[in-house]
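This is protein01.pdb. It holds PDB, C-alpha atoms, pLDDT in the B column.
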ATOM      1  CA  MET A   8      15.447  20.998   7.459  1.00 44.00           C
ATOM      2  CA  ASN A   9      13.600  19.318   4.628  1.00 44.00           C
ATOM      3  CA  PHE A  10      10.676  21.314   3.298  1.00 45.00           C
ATOM      4  CA  GLY A  11       8.432  19.389   0.932  1.00 47.00           C
ATOM      5  CA  SER A  12       6.883  22.173  -1.084  1.00 51.00           C
ATOM      6  CA  VAL A  13       6.080  25.863  -1.007  1.00 49.00           C
ATOM      7  CA  GLU A  14       2.529  27.183  -1.348  1.00 53.00           C
ATOM      8  CA  GLU A  15       1.426  30.804  -1.137  1.00 55.00           C
ATOM      9  CA  GLY A  16       4.690  31.834   0.470  1.00 54.00           C
ATOM     10  CA  LYS A  17       4.418  29.310   3.306  1.00 65.00           C
ATOM     11  CA  PHE A  18       6.588  26.251   3.843  1.00 72.00           C
ATOM     12  CA  VAL A  19       4.496  23.068   3.859  1.00 76.00           C
ATOM     13  CA  LYS A  20       5.968  19.801   5.119  1.00 90.00           C
ATOM     14  CA  ASN A  21       4.653  16.538   3.737  1.00 95.00           C
ATOM     15  CA  PRO A  22       4.122  13.979   6.545  1.00 97.00           C
ATOM     16  CA  LEU A  23       4.896  11.190   4.064  1.00 97.00           C
ATOM     17  CA  ASP A  24       8.495  12.405   3.845  1.00 96.00           C
ATOM     18  CA  SER A  25       9.209  10.817   7.230  1.00 96.00           C
ATOM     19  CA  ILE A  26       8.512   7.278   8.411  1.00 96.00           C
ATOM     20  CA  LEU A  27       7.000   8.528  11.663  1.00 97.00           C
ATOM     21  CA  GLY A  28       4.714  10.952   9.768  1.00 97.00           C
ATOM     22  CA  THR A  29       3.611   8.104   7.494  1.00 98.00           C
ATOM     23  CA  ILE A  30       2.752   5.812  10.419  1.00 98.00           C
ATOM     24  CA  VAL A  31       0.914   8.561  12.341  1.00 98.00           C
ATOM     25  CA  SER A  32      -1.049   9.448   9.150  1.00 98.00           C
ATOM     26  CA  GLY A  33      -1.991   5.781   8.753  1.00 98.00           C
ATOM     27  CA  LEU A  34      -3.204   5.542  12.353  1.00 98.00           C
ATOM     28  CA  VAL A  35      -5.250   8.753  12.014  1.00 98.00           C
ATOM     29  CA  LEU A  36      -6.767   7.492   8.751  1.00 98.00           C
ATOM     30  CA  THR A  37      -7.656   4.197  10.461  1.00 98.00           C
ATOM     31  CA  LEU A  38      -9.527   6.081  13.179  1.00 98.00           C
ATOM     32  CA  ILE A  39     -11.346   8.312  10.660  1.00 98.00           C
ATOM     33  CA  LEU A  40     -12.427   5.344   8.513  1.00 97.00           C
ATOM     34  CA  TYR A  41     -13.496   3.376  11.592  1.00 96.00           C
ATOM     35  CA  LEU A  42     -15.668   6.242  12.876  1.00 96.00           C
ATOM     36  CA  PHE A  43     -17.093   6.805   9.381  1.00 95.00           C
ATOM     37  CA  LEU A  44     -18.003   3.135   9.095  1.00 94.00           C
ATOM     38  CA  LYS A  45     -19.437   2.849  12.588  1.00 93.00           C
ATOM     39  CA  ASN A  46     -21.490   6.055  12.469  1.00 93.00           C
ATOM     40  CA  PHE A  47     -22.595   6.340   8.847  1.00 90.00           C
ATOM     41  CA  ILE A  48     -22.570   2.875   7.296  1.00 89.00           C
ATOM     42  CA  VAL A  49     -23.187   0.288  10.003  1.00 85.00           C
ATOM     43  CA  ALA A  50     -25.240   2.512  12.358  1.00 81.00           C
ATOM     44  CA  GLY A  51     -28.877   1.512  12.676  1.00 64.00           C
ATOM     45  CA  VAL A  52     -28.444  -1.957  11.175  1.00 64.00           C
TER      46      VAL A  52
ATOM     47  CA  MET B  22     -18.220 -21.378  -2.075  1.00 63.00           C
ATOM     48  CA  ASP B  23     -16.625 -24.733  -1.592  1.00 85.00           C
ATOM     49  CA  PHE B  24     -15.004 -24.831   1.845  1.00 87.00           C
ATOM     50  CA  LEU B  25     -11.687 -26.245   0.573  1.00 92.00           C
ATOM     51  CA  LEU B  26     -11.499 -23.765  -2.308  1.00 93.00           C
ATOM     52  CA  GLU B  27     -12.171 -20.867   0.077  1.00 93.00           C
ATOM     53  CA  GLY B  28      -9.374 -22.113   2.315  1.00 95.00           C
ATOM     54  CA  ILE B  29      -6.961 -22.250  -0.623  1.00 96.00           C
ATOM     55  CA  PHE B  30      -7.858 -18.704  -1.739  1.00 96.00           C
ATOM     56  CA  ARG B  31      -7.418 -17.415   1.831  1.00 96.00           C
ATOM     57  CA  TRP B  32      -4.043 -19.183   2.122  1.00 97.00           C
ATOM     58  CA  LEU B  33      -2.906 -17.710  -1.216  1.00 98.00           C
ATOM     59  CA  HIS B  34      -4.234 -14.258  -0.245  1.00 98.00           C
ATOM     60  CA  PHE B  35      -2.223 -14.345   2.996  1.00 97.00           C
ATOM     61  CA  MET B  36       1.006 -15.656   1.433  1.00 98.00           C
ATOM     62  CA  ALA B  37       1.002 -13.196  -1.472  1.00 98.00           C
ATOM     63  CA  GLY B  38      -0.105 -10.391   0.857  1.00 98.00           C
ATOM     64  CA  ILE B  39       2.816 -11.074   3.205  1.00 98.00           C
ATOM     65  CA  ILE B  40       5.256 -10.948   0.258  1.00 98.00           C
ATOM     66  CA  TRP B  41       3.664  -7.708  -1.043  1.00 98.00           C
ATOM     67  CA  ILE B  42       3.362  -5.781   2.198  1.00 98.00           C
ATOM     68  CA  GLY B  43       6.603  -7.261   3.556  1.00 98.00           C
ATOM     69  CA  LEU B  44       8.486  -5.912   0.538  1.00 98.00           C
ATOM     70  CA  LEU B  45       6.623  -2.585   0.801  1.00 98.00           C
ATOM     71  CA  TYR B  46       7.878  -2.246   4.394  1.00 98.00           C
ATOM     72  CA  TYR B  47      11.364  -3.390   3.307  1.00 98.00           C
ATOM     73  CA  PHE B  48      11.454  -0.616   0.668  1.00 98.00           C
ATOM     74  CA  ASN B  49      10.229   2.071   3.061  1.00 97.00           C
ATOM     75  CA  PHE B  50      11.897   1.099   6.329  1.00 97.00           C
ATOM     76  CA  VAL B  51      15.149  -0.451   5.013  1.00 97.00           C
ATOM     77  CA  GLN B  52      16.042   0.182   1.375  1.00 97.00           C
ATOM     78  CA  VAL B  53      15.225   3.905   1.048  1.00 95.00           C
ATOM     79  CA  PRO B  54      17.258   4.928   4.143  1.00 95.00           C
ATOM     80  CA  ALA B  55      20.033   2.459   3.165  1.00 96.00           C
ATOM     81  CA  LEU B  56      20.228   3.874  -0.375  1.00 94.00           C
ATOM     82  CA  LYS B  57      20.666   7.361   1.041  1.00 92.00           C
ATOM     83  CA  ASP B  58      23.720   6.206   3.019  1.00 95.00           C
ATOM     84  CA  ALA B  59      24.970   3.975   0.181  1.00 95.00           C
ATOM     85  CA  THR B  60      24.796   6.882  -2.280  1.00 93.00           C
ATOM     86  CA  ALA B  61      26.906   8.956   0.109  1.00 94.00           C
ATOM     87  CA  ASP B  62      29.700   6.353   0.222  1.00 94.00           C
ATOM     88  CA  GLY B  63      29.396   5.272  -3.433  1.00 94.00           C
ATOM     89  CA  THR B  64      28.007   1.754  -2.856  1.00 94.00           C
ATOM     90  CA  ALA B  65      24.428   2.279  -4.065  1.00 94.00           C
ATOM     91  CA  ALA B  66      24.945   0.592  -7.457  1.00 93.00           C
ATOM     92  CA  GLY B  67      24.805  -2.900  -5.988  1.00 93.00           C
ATOM     93  CA  ILE B  68      21.413  -2.275  -4.401  1.00 94.00           C
ATOM     94  CA  SER B  69      20.006  -0.539  -7.485  1.00 92.00           C
ATOM     95  CA  ARG B  70      21.323  -3.148  -9.905  1.00 92.00           C
ATOM     96  CA  HIS B  71      20.918  -6.429  -8.035  1.00 94.00           C
ATOM     97  CA  VAL B  72      18.478  -6.013  -5.141  1.00 96.00           C
ATOM     98  CA  ALA B  73      15.841  -3.481  -6.225  1.00 96.00           C
ATOM     99  CA  PRO B  74      14.841  -5.123  -9.563  1.00 96.00           C
ATOM    100  CA  ARG B  75      14.380  -8.534  -7.897  1.00 97.00           C
ATOM    101  CA  ALA B  76      12.454  -7.046  -4.975  1.00 98.00           C
ATOM    102  CA  LEU B  77      10.236  -5.093  -7.398  1.00 98.00           C
ATOM    103  CA  LEU B  78       9.538  -8.223  -9.446  1.00 98.00           C
ATOM    104  CA  TRP B  79       8.191 -10.106  -6.409  1.00 98.00           C
ATOM    105  CA  PHE B  80       6.508  -6.947  -5.118  1.00 98.00           C
ATOM    106  CA  ARG B  81       4.368  -6.135  -8.148  1.00 98.00           C
ATOM    107  CA  TRP B  82       3.311  -9.704  -8.975  1.00 98.00           C
ATOM    108  CA  ALA B  83       2.560 -10.488  -5.327  1.00 98.00           C
ATOM    109  CA  ALA B  84       0.333  -7.379  -5.302  1.00 98.00           C
ATOM    110  CA  LEU B  85      -1.661  -8.704  -8.250  1.00 98.00           C
ATOM    111  CA  VAL B  86      -1.946 -12.247  -6.841  1.00 98.00           C
ATOM    112  CA  THR B  87      -3.053 -10.819  -3.465  1.00 98.00           C
ATOM    113  CA  TRP B  88      -5.831  -8.807  -5.117  1.00 98.00           C
ATOM    114  CA  LEU B  89      -6.993 -11.687  -7.340  1.00 98.00           C
ATOM    115  CA  ALA B  90      -7.039 -14.170  -4.438  1.00 98.00           C
ATOM    116  CA  GLY B  91      -8.922 -11.600  -2.316  1.00 97.00           C
ATOM    117  CA  ALA B  92     -11.472 -11.067  -5.090  1.00 98.00           C
ATOM    118  CA  ALA B  93     -11.901 -14.836  -5.431  1.00 97.00           C
ATOM    119  CA  LEU B  94     -12.337 -15.095  -1.672  1.00 95.00           C
ATOM    120  CA  LEU B  95     -15.100 -12.463  -1.730  1.00 95.00           C
ATOM    121  CA  GLY B  96     -16.727 -14.439  -4.538  1.00 94.00           C
ATOM    122  CA  GLY B  97     -20.424 -13.599  -4.811  1.00 95.00           C
ATOM    123  CA  ASN B  98     -20.017 -10.944  -2.106  1.00 96.00           C
ATOM    124  CA  PHE B  99     -17.547  -8.927  -4.209  1.00 97.00           C
ATOM    125  CA  THR B 100     -20.158  -6.328  -5.194  1.00 97.00           C
ATOM    126  CA  HIS B 101     -21.654  -6.154  -1.679  1.00 97.00           C
ATOM    127  CA  ALA B 102     -18.174  -5.390  -0.310  1.00 97.00           C
ATOM    128  CA  PHE B 103     -17.254  -2.735  -2.879  1.00 97.00           C
ATOM    129  CA  LEU B 104     -20.651  -1.045  -2.505  1.00 97.00           C
ATOM    130  CA  LEU B 105     -19.985  -0.920   1.274  1.00 95.00           C
ATOM    131  CA  GLU B 106     -23.255  -2.635   2.137  1.00 94.00           C
ATOM    132  CA  PRO B 107     -23.484  -2.695   5.976  1.00 92.00           C
ATOM    133  CA  ALA B 108     -22.796  -6.413   6.458  1.00 92.00           C
ATOM    134  CA  TYR B 109     -19.687  -6.177   4.254  1.00 95.00           C
ATOM    135  CA  ALA B 110     -18.637  -2.563   4.887  1.00 94.00           C
ATOM    136  CA  GLY B 111     -15.581  -3.412   7.006  1.00 95.00           C
ATOM    137  CA  ILE B 112     -14.058  -5.829   4.539  1.00 96.00           C
ATOM    138  CA  GLY B 113     -15.249  -3.479   1.761  1.00 97.00           C
ATOM    139  CA  ILE B 114     -13.126  -0.619   3.121  1.00 97.00           C
ATOM    140  CA  GLY B 115     -10.172  -3.028   3.266  1.00 97.00           C
ATOM    141  CA  ALA B 116     -10.873  -4.126  -0.306  1.00 98.00           C
ATOM    142  CA  TRP B 117     -11.062  -0.529  -1.552  1.00 98.00           C
ATOM    143  CA  LEU B 118      -7.783   0.362   0.163  1.00 98.00           C
ATOM    144  CA  GLY B 119      -6.122  -2.744  -1.293  1.00 98.00           C
ATOM    145  CA  THR B 120      -7.404  -1.823  -4.741  1.00 98.00           C
ATOM    146  CA  ILE B 121      -6.032   1.737  -4.499  1.00 98.00           C
ATOM    147  CA  MET B 122      -2.706   0.256  -3.380  1.00 98.00           C
ATOM    148  CA  LEU B 123      -2.655  -2.160  -6.341  1.00 98.00           C
ATOM    149  CA  PHE B 124      -3.297   0.794  -8.671  1.00 98.00           C
ATOM    150  CA  ASN B 125      -0.383   2.686  -7.085  1.00 98.00           C
ATOM    151  CA  VAL B 126       1.929  -0.296  -7.575  1.00 98.00           C
ATOM    152  CA  TRP B 127       1.203  -0.860 -11.270  1.00 98.00           C
ATOM    153  CA  VAL B 128       0.421   2.686 -12.433  1.00 98.00           C
ATOM    154  CA  LEU B 129       2.688   4.896 -10.282  1.00 98.00           C
ATOM    155  CA  ILE B 130       5.465   2.862  -8.649  1.00 98.00           C
ATOM    156  CA  TRP B 131       6.528   0.329 -11.292  1.00 98.00           C
ATOM    157  CA  PRO B 132       6.553   2.612 -14.401  1.00 97.00           C
ATOM    158  CA  ASN B 133       8.543   5.248 -12.467  1.00 97.00           C
ATOM    159  CA  GLN B 134      10.922   2.667 -10.983  1.00 97.00           C
ATOM    160  CA  LYS B 135      11.709   1.483 -14.530  1.00 96.00           C
ATOM    161  CA  LYS B 136      12.983   5.009 -15.281  1.00 96.00           C
ATOM    162  CA  ILE B 137      14.899   5.281 -11.990  1.00 95.00           C
ATOM    163  CA  LEU B 138      16.627   1.899 -12.406  1.00 92.00           C
ATOM    164  CA  GLY B 139      17.489   2.535 -16.052  1.00 92.00           C
ATOM    165  CA  LEU B 140      15.211  -0.206 -17.391  1.00 92.00           C
ATOM    166  CA  MET B 141      13.581   2.489 -19.529  1.00 93.00           C
ATOM    167  CA  ALA B 142      15.294   5.478 -21.199  1.00 94.00           C
ATOM    168  CA  ALA B 143      14.728   8.747 -19.308  1.00 95.00           C
ATOM    169  CA  SER B 144      16.432  12.140 -18.959  1.00 95.00           C
ATOM    170  CA  GLU B 145      17.923  13.185 -15.612  1.00 95.00           C
ATOM    171  CA  GLU B 146      14.984  15.574 -15.139  1.00 96.00           C
ATOM    172  CA  ALA B 147      12.475  12.796 -15.839  1.00 96.00           C
ATOM    173  CA  LYS B 148      14.354  10.513 -13.424  1.00 96.00           C
ATOM    174  CA  ALA B 149      14.228  13.126 -10.666  1.00 96.00           C
ATOM    175  CA  LYS B 150      10.481  13.525 -11.150  1.00 97.00           C
ATOM    176  CA  ALA B 151      10.004   9.733 -11.303  1.00 97.00           C
ATOM    177  CA  ARG B 152      11.946   9.374  -8.038  1.00 96.00           C
ATOM    178  CA  ARG B 153       9.556  11.751  -6.220  1.00 97.00           C
ATOM    179  CA  VAL B 154       6.381  10.208  -7.681  1.00 97.00           C
ATOM    180  CA  ALA B 155       7.497   6.635  -6.907  1.00 97.00           C
ATOM    181  CA  PHE B 156       8.586   7.640  -3.392  1.00 97.00           C
ATOM    182  CA  LEU B 157       5.292   9.353  -2.569  1.00 98.00           C
ATOM    183  CA  ALA B 158       3.223   6.508  -4.069  1.00 98.00           C
ATOM    184  CA  SER B 159       5.211   4.018  -2.000  1.00 98.00           C
ATOM    185  CA  ARG B 160       4.809   6.098   1.164  1.00 98.00           C
ATOM    186  CA  THR B 161       1.076   6.494   0.411  1.00 98.00           C
ATOM    187  CA  ASN B 162       0.790   2.704   0.201  1.00 98.00           C
ATOM    188  CA  THR B 163       2.633   2.336   3.519  1.00 98.00           C
ATOM    189  CA  MET B 164       0.160   4.775   5.088  1.00 98.00           C
ATOM    190  CA  LEU B 165      -2.857   3.016   3.500  1.00 98.00           C
ATOM    191  CA  SER B 166      -1.581  -0.401   4.580  1.00 98.00           C
ATOM    192  CA  ILE B 167      -2.255   0.524   8.224  1.00 98.00           C
ATOM    193  CA  PRO B 168      -6.075   0.923   7.903  1.00 98.00           C
ATOM    194  CA  MET B 169      -6.123  -1.739   5.162  1.00 98.00           C
ATOM    195  CA  LEU B 170      -4.705  -4.369   7.544  1.00 98.00           C
ATOM    196  CA  PHE B 171      -7.046  -3.240  10.349  1.00 97.00           C
ATOM    197  CA  PHE B 172     -10.139  -3.665   8.159  1.00 97.00           C
ATOM    198  CA  MET B 173      -8.875  -6.856   6.494  1.00 96.00           C
ATOM    199  CA  ALA B 174      -8.217  -8.411   9.909  1.00 95.00           C
ATOM    200  CA  ASN B 175     -11.440  -7.200  11.551  1.00 94.00           C
ATOM    201  CA  GLY B 176     -13.810  -6.412   8.691  1.00 89.00           C
ATOM    202  CA  LEU B 177     -15.487  -9.764   8.195  1.00 87.00           C
ATOM    203  CA  THR B 178     -14.629 -12.428  10.740  1.00 85.00           C
ATOM    204  CA  HIS B 179     -13.937 -10.257  13.814  1.00 88.00           C
ATOM    205  CA  LYS B 180     -16.093  -7.199  13.163  1.00 87.00           C
ATOM    206  CA  ALA B 181     -18.173  -7.712  16.314  1.00 86.00           C
ATOM    207  CA  ALA B 182     -14.961  -7.571  18.359  1.00 87.00           C
ATOM    208  CA  VAL B 183     -14.321  -3.989  17.237  1.00 88.00           C
ATOM    209  CA  GLY B 184     -17.970  -2.907  17.253  1.00 85.00           C
ATOM    210  CA  LEU B 185     -18.643  -2.899  13.505  1.00 86.00           C
TER     211      LEU B 185
END
How would this structure read if it were set down as structure tokens?
Amino acid sequence: MNFGSVEEGKFVKNPLDSILGTIVSGLVLTLILYLFLKNFIVAGV
Amino acid sequence: MDFLLEGIFRWLHFMAGIIWIGLLYYFNFVQVPALKDATADGTAAGISRHVAPRALLWFRWAALVTWLAGAALLGGNFTHAFLLEPAYAGIGIGAWLGTIMLFNVWVLIWPNQKKILGLMAASEEAKAKARRVAFLASRTNTMLSIPMLFFMANGLTHKAAVGL
């Protein structure tokens, strides 16, 4: 097992340590930014 | 902006962007896993000495050319995009992500890679720290490239297609 760092006695894995975690994080970020843009910036224009 | 000039900036932006992001994916999907195996069987020196410095040279300068060509392409709309004004918000998000990625290349990845590759004097402890910082900055850029490419591709010319 590869544990990224330890905080407050708990093991915390960094998703960026794996390629799959990196890609999934990128897809989630895309969705978040898209919803932010659509609902808070472009909405009502 | 002159139609021909805009076409040339777009062409340059695409070519340099392909070199930059192509090498970013090469580092993350090919070189990092390969180096792990090569270190185990004692053949990593060839990659570190002959491949990585050349790849990094193209990588960092392509990043700068991509950003400059993108800024030139935005032209008078540069401020509108970076202020995320509604008509330019999509491309603006892409531009912000690209800018953060350029910062990571020149401020986090390249200075730390110089220590890792021995192009700059560093203790073993400093090298170990540099390895982690450069790795995470590179992985962060890989993650950011996913929304960056979505908003670059759809943020200005095809925004209606994705409802922006």
Would you list the contacts of Pro54 in chain B as a ChimeraX atom specification, taking every protein, DNA or RNA residue within 12 Å and counting only C-alpha atoms, but skipping same-chain residues closer than 6 positions in sequence?
-> /A:24-26 /B:46-48,60-61,65,68,156
Could you expand the PyMOL selection byres ((chain A) within 8 of (chain B)) into the explicit residues it covers here, written as a ChimeraX atom specification?
-> /A:23-24,26,29-30,32-34,36-37,40,44-45,48-49,52
On this file, the PyMOL selection byres ((chain B and resi 38) around 12) gives some set of residues; write that set as a PyMOL selection string.
-> chain B and resi 30-37+39-46+79-91+119+122-123+166+169-170+173
Serialized selection, C-alpha atoms, as a PDB file, in the frame of the given file:
ATOM      1  CA  PHE B  30      -7.858 -18.704  -1.739  1.00 96.00           C
ATOM      2  CA  ARG B  31      -7.418 -17.415   1.831  1.00 96.00           C
ATOM      3  CA  TRP B  32      -4.043 -19.183   2.122  1.00 97.00           C
ATOM      4  CA  LEU B  33      -2.906 -17.710  -1.216  1.00 98.00           C
ATOM      5  CA  HIS B  34      -4.234 -14.258  -0.245  1.00 98.00           C
ATOM      6  CA  PHE B  35      -2.223 -14.345   2.996  1.00 97.00           C
ATOM      7  CA  MET B  36       1.006 -15.656   1.433  1.00 98.00           C
ATOM      8  CA  ALA B  37       1.002 -13.196  -1.472  1.00 98.00           C
ATOM      9  CA  ILE B  39       2.816 -11.074   3.205  1.00 98.00           C
ATOM     10  CA  ILE B  40       5.256 -10.948   0.258  1.00 98.00           C
ATOM     11  CA  TRP B  41       3.664  -7.708  -1.043  1.00 98.00           C
ATOM     12  CA  ILE B  42       3.362  -5.781   2.198  1.00 98.00           C
ATOM     13  CA  GLY B  43       6.603  -7.261   3.556  1.00 98.00           C
ATOM     14  CA  LEU B  44       8.486  -5.912   0.538  1.00 98.00           C
ATOM     15  CA  LEU B  45       6.623  -2.585   0.801  1.00 98.00           C
ATOM     16  CA  TYR B  46       7.878  -2.246   4.394  1.00 98.00           C
ATOM     17  CA  TRP B  79       8.191 -10.106  -6.409  1.00 98.00           C
ATOM     18  CA  PHE B  80       6.508  -6.947  -5.118  1.00 98.00           C
ATOM     19  CA  ARG B  81       4.368  -6.135  -8.148  1.00 98.00           C
ATOM     20  CA  TRP B  82       3.311  -9.704  -8.975  1.00 98.00           C
ATOM     21  CA  ALA B  83       2.560 -10.488  -5.327  1.00 98.00           C
ATOM     22  CA  ALA B  84       0.333  -7.379  -5.302  1.00 98.00           C
ATOM     23  CA  LEU B  85      -1.661  -8.704  -8.250  1.00 98.00           C
ATOM     24  CA  VAL B  86      -1.946 -12.247  -6.841  1.00 98.00           C
ATOM     25  CA  THR B  87      -3.053 -10.819  -3.465  1.00 98.00           C
ATOM     26  CA  TRP B  88      -5.831  -8.807  -5.117  1.00 98.00           C
ATOM     27  CA  LEU B  89      -6.993 -11.687  -7.340  1.00 98.00           C
ATOM     28  CA  ALA B  90      -7.039 -14.170  -4.438  1.00 98.00           C
ATOM     29  CA  GLY B  91      -8.922 -11.600  -2.316  1.00 97.00           C
ATOM     30  CA  GLY B 119      -6.122  -2.744  -1.293  1.00 98.00           C
ATOM     31  CA  MET B 122      -2.706   0.256  -3.380  1.00 98.00           C
ATOM     32  CA  LEU B 123      -2.655  -2.160  -6.341  1.00 98.00           C
ATOM     33  CA  SER B 166      -1.581  -0.401   4.580  1.00 98.00           C
ATOM     34  CA  MET B 169      -6.123  -1.739   5.162  1.00 98.00           C
ATOM     35  CA  LEU B 170      -4.705  -4.369   7.544  1.00 98.00           C
ATOM     36  CA  MET B 173      -8.875  -6.856   6.494  1.00 96.00           C
TER      37      MET B 173
END
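Each of B:Ala151, B:Ala66, B:Ala55, B:Leu94 was checked against Ile29 in chain B using only C-alpha atoms; the smallest atom-to-atom distance is that of B:Leu94.
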So for range 99-105 of chain B, what box centre and size do we get, axis-aligned, 6 Å extra on each of the six sides, every listed atom, Å to one decimal, as JSON?
{"center_x": -19.5, "center_y": -4.9, "center_z": -2.0, "size_x": 16.4, "size_y": 20.0, "size_z": 18.5}
Two-atom distance - CA of Gly97 in chain B, CA of Leu25 in chain B (Å) |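 A separation of 16.3 Å between them.
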To one decimal place, how far is CA of Phe103 in chain B from CA of Ile121 in chain B in Å?
->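 Rounded to one decimal, the two atoms are 12.2 Å apart.
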Between B:Ala149, B:Ala93, B:Ala155, B:Leu78, single out the one closest to Asn133 in chain B, counting all atoms listed in the file.
->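 When distances to Asn133 in chain B are compared using all atoms listed in the file, the smallest one comes from B:Ala155.
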Apply the PyMOL selection byres ((chain B and resi 137-147) around 12) to the structure shown and report the selected residues as an MDAnalysis selection string.
-> chainID B and resid 65:75 77 130:136 148:156
Keeping only C-alpha atoms, take the residues you just selected and write them out as an mmCIF file, keeping the file's coordinate frame.
data_model
loop_
_atom_site.group_PDB
_atom_site.id
_atom_site.type_symbol
_atom_site.label_atom_id
_atom_site.label_comp_id
_atom_site.auth_asym_id
_atom_site.auth_seq_id
_atom_site.Cartn_x
_atom_site.Cartn_y
_atom_site.Cartn_z
ATOM 1 C CA ALA B 65 24.428 2.279 -4.065
ATOM 2 C CA ALA B 66 24.945 0.592 -7.457
ATOM 3 C CA GLY B 67 24.805 -2.900 -5.988
ATOM 4 C CA ILE B 68 21.413 -2.275 -4.401
ATOM 5 C CA SER B 69 20.006 -0.539 -7.485
ATOM 6 C CA ARG B 70 21.323 -3.148 -9.905
ATOM 7 C CA HIS B 71 20.918 -6.429 -8.035
ATOM 8 C CA VAL B 72 18.478 -6.013 -5.141
ATOM 9 C CA ALA B 73 15.841 -3.481 -6.225
ATOM 10 C CA PRO B 74 14.841 -5.123 -9.563
ATOM 11 C CA ARG B 75 14.380 -8.534 -7.897
ATOM 12 C CA LEU B 77 10.236 -5.093 -7.398
ATOM 13 C CA ILE B 130 5.465 2.862 -8.649
ATOM 14 C CA TRP B 131 6.528 0.329 -11.292
ATOM 15 C CA PRO B 132 6.553 2.612 -14.401
ATOM 16 C CA ASN B 133 8.543 5.248 -12.467
ATOM 17 C CA GLN B 134 10.922 2.667 -10.983
ATOM 18 C CA LYS B 135 11.709 1.483 -14.530
ATOM 19 C CA LYS B 136 12.983 5.009 -15.281
ATOM 20 C CA LYS B 148 14.354 10.513 -13.424
ATOM 21 C CA ALA B 149 14.228 13.126 -10.666
ATOM 22 C CA LYS B 150 10.481 13.525 -11.150
ATOM 23 C CA ALA B 151 10.004 9.733 -11.303
ATOM 24 C CA ARG B 152 11.946 9.374 -8.038
ATOM 25 C CA ARG B 153 9.556 11.751 -6.220
ATOM 26 C CA VAL B 154 6.381 10.208 -7.681
ATOM 27 C CA ALA B 155 7.497 6.635 -6.907
ATOM 28 C CA PHE B 156 8.586 7.640 -3.392
#
Interatomic distance between CA of Ala116 in chain B and CA of Ala102 in chain B?
->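 Rounded to one decimal, the two atoms are 7.4 Å apart.
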Would you mind completing range 83-97 of chain B so that it carries N, CA and C atoms, and writing it out as a PDB file, in the frame of the given file?
ATOM      1  N   ALA B  83       3.236 -10.090  -6.580  1.00 98.00           N
ATOM      2  CA  ALA B  83       2.560 -10.488  -5.327  1.00 98.00           C
ATOM      3  C   ALA B  83       1.342  -9.596  -5.095  1.00 98.00           C
ATOM      4  N   ALA B  84       1.461  -8.304  -5.458  1.00 98.00           N
ATOM      5  CA  ALA B  84       0.333  -7.379  -5.302  1.00 98.00           C
ATOM      6  C   ALA B  84      -0.858  -7.862  -6.132  1.00 98.00           C
ATOM      7  N   LEU B  85      -0.580  -8.256  -7.364  1.00 98.00           N
ATOM      8  CA  LEU B  85      -1.661  -8.704  -8.250  1.00 98.00           C
ATOM      9  C   LEU B  85      -2.287 -10.012  -7.744  1.00 98.00           C
ATOM     10  N   VAL B  86      -1.434 -10.960  -7.341  1.00 98.00           N
ATOM     11  CA  VAL B  86      -1.946 -12.247  -6.841  1.00 98.00           C
ATOM     12  C   VAL B  86      -2.772 -12.026  -5.568  1.00 98.00           C
ATOM     13  N   THR B  87      -2.311 -11.119  -4.699  1.00 98.00           N
ATOM     14  CA  THR B  87      -3.053 -10.819  -3.465  1.00 98.00           C
ATOM     15  C   THR B  87      -4.454 -10.324  -3.806  1.00 98.00           C
ATOM     16  N   TRP B  88      -4.535  -9.384  -4.752  1.00 98.00           N
ATOM     17  CA  TRP B  88      -5.831  -8.807  -5.117  1.00 98.00           C
ATOM     18  C   TRP B  88      -6.738  -9.872  -5.738  1.00 98.00           C
ATOM     19  N   LEU B  89      -6.174 -10.673  -6.666  1.00 98.00           N
ATOM     20  CA  LEU B  89      -6.993 -11.687  -7.340  1.00 98.00           C
ATOM     21  C   LEU B  89      -7.496 -12.741  -6.350  1.00 98.00           C
ATOM     22  N   ALA B  90      -6.627 -13.170  -5.434  1.00 98.00           N
ATOM     23  CA  ALA B  90      -7.039 -14.170  -4.438  1.00 98.00           C
ATOM     24  C   ALA B  90      -8.088 -13.570  -3.499  1.00 98.00           C
ATOM     25  N   GLY B  91      -7.937 -12.277  -3.172  1.00 97.00           N
ATOM     26  CA  GLY B  91      -8.922 -11.600  -2.316  1.00 97.00           C
ATOM     27  C   GLY B  91     -10.266 -11.494  -3.021  1.00 97.00           C
ATOM     28  N   ALA B  92     -10.228 -11.174  -4.314  1.00 98.00           N
ATOM     29  CA  ALA B  92     -11.472 -11.067  -5.090  1.00 98.00           C
ATOM     30  C   ALA B  92     -12.154 -12.429  -5.170  1.00 98.00           C
ATOM     31  N   ALA B  93     -11.340 -13.476  -5.370  1.00 97.00           N
ATOM     32  CA  ALA B  93     -11.901 -14.836  -5.431  1.00 97.00           C
ATOM     33  C   ALA B  93     -12.506 -15.220  -4.083  1.00 97.00           C
ATOM     34  N   LEU B  94     -11.859 -14.802  -3.031  1.00 95.00           N
ATOM     35  CA  LEU B  94     -12.337 -15.095  -1.672  1.00 95.00           C
ATOM     36  C   LEU B  94     -13.677 -14.397  -1.399  1.00 95.00           C
ATOM     37  N   LEU B  95     -13.817 -13.174  -1.890  1.00 95.00           N
ATOM     38  CA  LEU B  95     -15.100 -12.463  -1.730  1.00 95.00           C
ATOM     39  C   LEU B  95     -16.185 -13.149  -2.555  1.00 95.00           C
ATOM     40  N   GLY B  96     -15.792 -13.688  -3.690  1.00 94.00           N
ATOM     41  CA  GLY B  96     -16.727 -14.439  -4.538  1.00 94.00           C
ATOM     42  C   GLY B  96     -17.979 -13.650  -4.855  1.00 94.00           C
ATOM     43  N   GLY B  97     -19.137 -14.235  -4.530  1.00 95.00           N
ATOM     44  CA  GLY B  97     -20.424 -13.599  -4.811  1.00 95.00           C
ATOM     45  C   GLY B  97     -20.670 -12.344  -3.979  1.00 95.00           C
TER      46      GLY B  97
END
